[in-house]
Structure formats: structure tokens, C-alpha cells
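Q: Here's a structure for you.
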Amino acid sequence: MNTLPVQEGWIVNDGLRLRHISWGREDAPPVVMLHGLRSYAYTWEPVAAALADSYRVIALDQRGRGLSNWDPQRNYYAEAYARDLEVLVDALGLRRFVLVGHSMGGANAFVYSGKHPERLAGLVVEDMGPGASASSQGSERIRRELRDTPDAFNSWDEARAFWRRQRPNISDTALESRVAHSLKTGESGRIVWRHDAAGIAAARLAATPAQLVDLWPFVTGLTMPTLVLRGSDSDFLSAATLEKMAAASPQICTVSIPQATHYVHDDQLAAFNAALRAWLDHLNDAVWREGA
């Protein structure tokens, strides 16, 4: 799956060893990417392929996912993720960067933007907005998926069929990536999760309103150019909420990607990449340098 030259590194926070990967030149403008609830850093590889000629793309295996340590305290909430990101940014010496987040990663990106607006040349949020995690049809679907997810599979074909049922719109390439990076052969010979499936599910299902975070203050407080990308068929971020977000902040530019669900870059990669690349290229050089 690794078609681009990639670099791997590690940070430590809260006693957890967390992996990050990057594509592109180290001296290029940095773009940091945060994946969703049950995803992994390599989900961004096909996005990086469209950016790495001009940007340094950095993706974090957020705690409990990919090759990063699982959190024995099951602190899988935005404040903890934001602290992990702070450590990553400091470890890499990133003074000014664009932050991209999908779903849960989008919520984490909003929280970071409120804490460190001076670090961000721009913010990109893929299908996440106020109320989406708490009361949307998609949030109900995700809770149902978490409750119904098996601990293991008897074969790779069974695991692949599970992900296909969960993500019927996903491209074949994205499906194979998800199978490869979210599953592994366990000691018993069965196919098991790479991520902390039980801990992440328990944390998400028990989350309080405070732990889910009210994103409206972060939306209205935005001080950096912000792109919000929505799947036109999303059950998570509604068109009405997207419209309210744009009305609430002059910083927000919105794009709706046709024939995409909540998993926009998995469903419609070419359209997602085109919209993201055009927006990044449009950022004035002075915006990247500001505050350096």
C-alpha cells in the first residue's frame, strides 16, 4: 500500500508511545492530518499523494489506533487528543501549519484551533460540525456500529465483508487500506483489531456532553482561514448545520462533495483532493509565514 516515500517517527505523551508518519520534503509547508474514530494515519496516504510535491504531509496514529499505544485509562476524548497533538507539533518544531481533521479528528482540530490559533495558517475539517457527534443520524449509526462490531473474524474475507457492509460507498482501494491497517492476525489465528476497539467503543458510548465538546464556541472563535468539506450524502454533518457554520464565521469556506457520505475522502478521493489542493494553493504565502 505504501506507494509514496514515507518517514516514521514517535512521540511520547501521558506515557503513551504514539507513531507519526510523513510524506514530502521537510522544508515544505506542513499540513498535519488527524483521522477519524476508528481510522489510522495511513488513511491519509492517497491524500498525501496529491499534495506531497508541494507540501509536507504529517499524519498521527492517534492514541489507541494504528501502531500507537492503547490508553489503559481509555481517555479517548478531545482534550487528550489535543495534548497529543501539542506534543507532536513541538517535537517536530512546527511553528506554522495547516491542520486537517476528519470526523473525530475534525473535532480535535477545532479544539486545537481554539487553544493555539497562532500556530495555524489554516484549518480544514472533513464532515464534522457542532452537534454532529451527539444528535445526528450518523452519530446514532456510529453508536450502533460500535455496539455491533465483533471482537474478531474467522478469515480476511469475513473481515473485508464486514467493512464493506459498514462502508458500502467506499472505493475498493480505500477498503483494502482499511482492512490492511485496521486489522491483523492474532495469536489465536483469528483476525483481530489493531486499534483498541473495546476501549474506544466504551469511551464513545459512555461520553458525556462535555466530553463530546460543544463545537460552536470554536466555530465562532475561528481566526484562521477554514475549509469545511461535507459529503453531500452525509448522515453526520447536515447541510443545515454547514450553512449555519458558514453564517457564524466569516473565516469558513464550504464545499459539498457529490456522491460522498461522511467518509468523504474514502468515497470520492479525486474530488476531495482537488478541493483540498485548490484551497491550500490559494492560501497566500504571507499567511503561512505570519507569526514565524
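Letters for chains follow the order of the C-alpha cells (A, B, ...), residue numbers begin at 1 for each chain, and ligand numbers begin at 1 in the order shown.
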So that I can see what lies close to A:Leu123, please list as a PyMOL selection string the residues with an atom at most 7 Å from it, counting only C-alpha atoms and leaving out residues fewer than 6 positions away in the same chain.
A: chain A and resi 98-100+224-227
Q: Can you tell me, as an MDAnalysis selection string, what residues are no more than 6 Å from A:Ser232 when counting only C-alpha atoms, ignoring any on the same chain fewer than 6 positions away?
A: chainID A and resid 256:258 260
Q: May I have the residues from that selection written out with N, CA and C atoms, as a short mmCIF file (atom, residue, chain, number, x, y, z; two decimals), in the first residue's frame?
A:
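So selection-v1.cif came out as:
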data_model
loop_
_atom_site.label_atom_id
_atom_site.label_comp_id
_atom_site.auth_asym_id
_atom_site.auth_seq_id
_atom_site.Cartn_x
_atom_site.Cartn_y
_atom_site.Cartn_z
N SER A 256 -19.26 21.08 -0.75
CA SER A 256 -20.00 19.83 -0.66
C SER A 256 -19.56 18.93 -1.80
N ILE A 257 -19.13 17.70 -1.46
CA ILE A 257 -18.63 16.76 -2.44
C ILE A 257 -19.76 15.81 -2.85
N PRO A 258 -20.17 15.82 -4.12
CA PRO A 258 -21.28 14.96 -4.56
C PRO A 258 -20.95 13.48 -4.39
N ALA A 260 -20.79 11.54 -1.92
CA ALA A 260 -19.93 11.15 -0.81
C ALA A 260 -20.74 11.13 0.47
#
Q: Would you mind listing what lies within 7 Å of A:Phe218 as a list in words, with only C-alpha atoms counted and same-chain residues fewer than 4 positions away left out?
A: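 Once the nearby chain positions are removed, what remains is Phe110, Val111, Gly114 and Leu222 of chain A.
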Q: Excluding same-chain residues fewer than 3 positions from A:Glu158, what lies within 12 Å of it counting only C-alpha atoms, as a list of chain:residue names?
A: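 Close residues of A:Glu158: A:Pro150, A:Ala152, A:Phe153, A:Asn154, A:Ser155, A:Ala161, A:Phe162, A:Trp163, A:Arg164, A:Arg165, A:Val179, A:Leu183, A:Arg190, A:Ile191, A:Val192.
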Q: Put those residues in a file: C-alpha atoms, as a CSV table (one decimal), in the first residue's frame.
A:
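Wrote again_17.csv, looks like this:
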chain,number,residue,atom,x,y,z
A,150,PRO,CA,-17.3,-8.3,16.6
A,152,ALA,CA,-12.6,-10.9,15.8
A,153,PHE,CA,-13.2,-12.6,12.4
A,154,ASN,CA,-12.5,-16.1,11.2
A,155,SER,CA,-11.0,-15.0,7.9
A,161,ALA,CA,-17.1,-8.2,4.1
A,162,PHE,CA,-17.7,-6.6,7.5
A,163,TRP,CA,-16.1,-3.3,6.3
A,164,ARG,CA,-17.9,-3.4,3.0
A,165,ARG,CA,-21.2,-3.6,4.9
A,179,VAL,CA,-8.5,-3.9,6.0
A,183,LEU,CA,-6.8,-5.5,11.3
A,190,ARG,CA,-8.2,-15.2,14.0
A,191,ILE,CA,-8.3,-11.7,12.5
A,192,VAL,CA,-8.4,-9.1,15.3
Q: What's around A:Gly93 at 12 Å? Count only C-alpha atoms, leave out sequence neighbours fewer than 3 positions away in its own chain, and write the answer as a PyMOL selection string.
A: chain A and resi 26-27+30+86-90+96-97+119+292
Q: Restricting the calculation to only C-alpha atoms: of A:Gly231, A:Gly221, A:Gly131, A:Gly199, which residue gets closest to A:Arg63?
A: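 The shortest atom-to-atom distance to A:Arg63 comes from A:Gly199.
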Q: Between A:Leu146, A:Leu205, A:Leu85, A:Ala49, which has the minimum distance to A:Asp61 (counting only C-alpha atoms)?
A: A:Leu85
Q: Skipping near chain neighbours, those fewer than 6 positions away, what residues fall within 10 Å of stretch 19-23 of chain A using only C-alpha atoms, listed as a PyMOL selection string?
A: chain A and resi 4-12+30-33+41-42+44-45+48-49+51-53+55-63+65-69+88
Q: Please give the complete set of residues from stretch 120-162 of chain A that DSSP, run on the backbone, assigns to alpha helix (DSSP H), formatted as a list of chain:residue names.
A: A:Ala132, A:Ser133, A:Ala134, A:Ser135, A:Gln137, A:Gly138, A:Ser139, A:Glu140, A:Arg141, A:Ile142, A:Arg143, A:Arg144, A:Glu145, A:Leu146, A:Arg147, A:Asp148, A:Trp156, A:Asp157, A:Glu158, A:Ala159, A:Arg160, A:Ala161, A:Phe162
Q: Could those residues be written to a file, using C-alpha atoms, as a CSV table (one decimal), in the first residue's frame?
A:
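Output below, filename part33.csv:
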chain,number,residue,atom,x,y,z
A,132,ALA,CA,-22.8,16.0,14.8
A,133,SER,CA,-21.3,13.7,17.4
A,134,ALA,CA,-24.2,14.0,19.8
A,135,SER,CA,-27.5,14.1,17.9
A,137,GLN,CA,-28.4,10.3,12.4
A,138,GLY,CA,-24.8,9.5,11.8
A,139,SER,CA,-23.9,9.6,15.4
A,140,GLU,CA,-26.7,7.1,16.1
A,141,ARG,CA,-25.4,4.9,13.3
A,142,ILE,CA,-21.9,5.0,14.7
A,143,ARG,CA,-23.0,4.1,18.2
A,144,ARG,CA,-24.9,1.2,16.7
A,145,GLU,CA,-21.9,0.1,14.7
A,146,LEU,CA,-19.7,0.2,17.8
A,147,ARG,CA,-22.1,-1.9,19.8
A,148,ASP,CA,-22.4,-4.5,16.9
A,156,TRP,CA,-9.8,-12.0,6.0
A,157,ASP,CA,-12.7,-12.4,3.6
A,158,GLU,CA,-15.1,-12.2,6.6
A,159,ALA,CA,-13.3,-9.1,7.8
A,160,ARG,CA,-13.4,-7.5,4.4
A,161,ALA,CA,-17.1,-8.2,4.1
A,162,PHE,CA,-17.7,-6.6,7.5
Q: What separation in Å, quoted to one decimal, exists between atom CA of A:Pro209 and atom CA of A:Ser136?
A: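 Between atom CA of A:Pro209 and atom CA of A:Ser136 the gap works out to 13.6 Å.
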Q: For each of A:Val264, A:Pro250, A:Gly101, A:Asn108, take the minimum atom-to-atom distance to A:Leu215, counting only C-alpha atoms, then give the residue where this is smallest.
A: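 Of all the options, A:Asn108 lies closest to A:Leu215.
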Q: Report as number ranges by chain: the residues of stretch 73-286 of chain A with a DSSP assignment of strand (DSSP E), based on the backbone of this structure.
A: A: 97-102, 120-126, 152-153, 183-185, 191-193, 226-231, 252-257
Q: Between atom CA of A:Ala198 and atom CA of A:Arg38, measure the distance and give it in Å to one decimal.
A: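 These two atoms are separated by 11.1 Å.
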Q: Could you tell me which of A:Gly15, A:Thr223, A:Tyr77, A:Val124 comes closest to A:Arg277 if we count only C-alpha atoms?
A: A:Val124
Q: Do you know which residues are at most 10 Å from A:Leu283 counting only C-alpha atoms, after dropping those on the same chain fewer than 4 positions away, and could you put them as JSON, numbers by chain?
A: {"A": [121, 122, 225, 278, 279, 287, 288]}
Q: So that I have them on file, write out the residues from the current selection with C-alpha atoms, as a PDB file, in the first residue's frame.
A:
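Contents of the output file selection.pdb:
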ATOM      1  CA  ALA A 121      -2.101  29.027   8.822  1.00  0.00           C
ATOM      2  CA  GLY A 122      -5.409  27.316   8.103  1.00  0.00           C
ATOM      3  CA  PRO A 225      -8.981  30.581   7.059  1.00  0.00           C
ATOM      4  CA  ALA A 278      -7.034  24.191  -4.631  1.00  0.00           C
ATOM      5  CA  TRP A 279      -7.759  25.664  -1.202  1.00  0.00           C
ATOM      6  CA  VAL A 287      -0.424  33.545   5.706  1.00  0.00           C
ATOM      7  CA  TRP A 288       1.985  30.617   6.033  1.00  0.00           C
TER       8      TRP A 288
END
Q: So how far away is atom CA of A:Asp281 from atom CA of A:Thr241, in Å?
A: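 Between atom CA of A:Thr241 and atom CA of A:Asp281 the gap works out to 26.7 Å.
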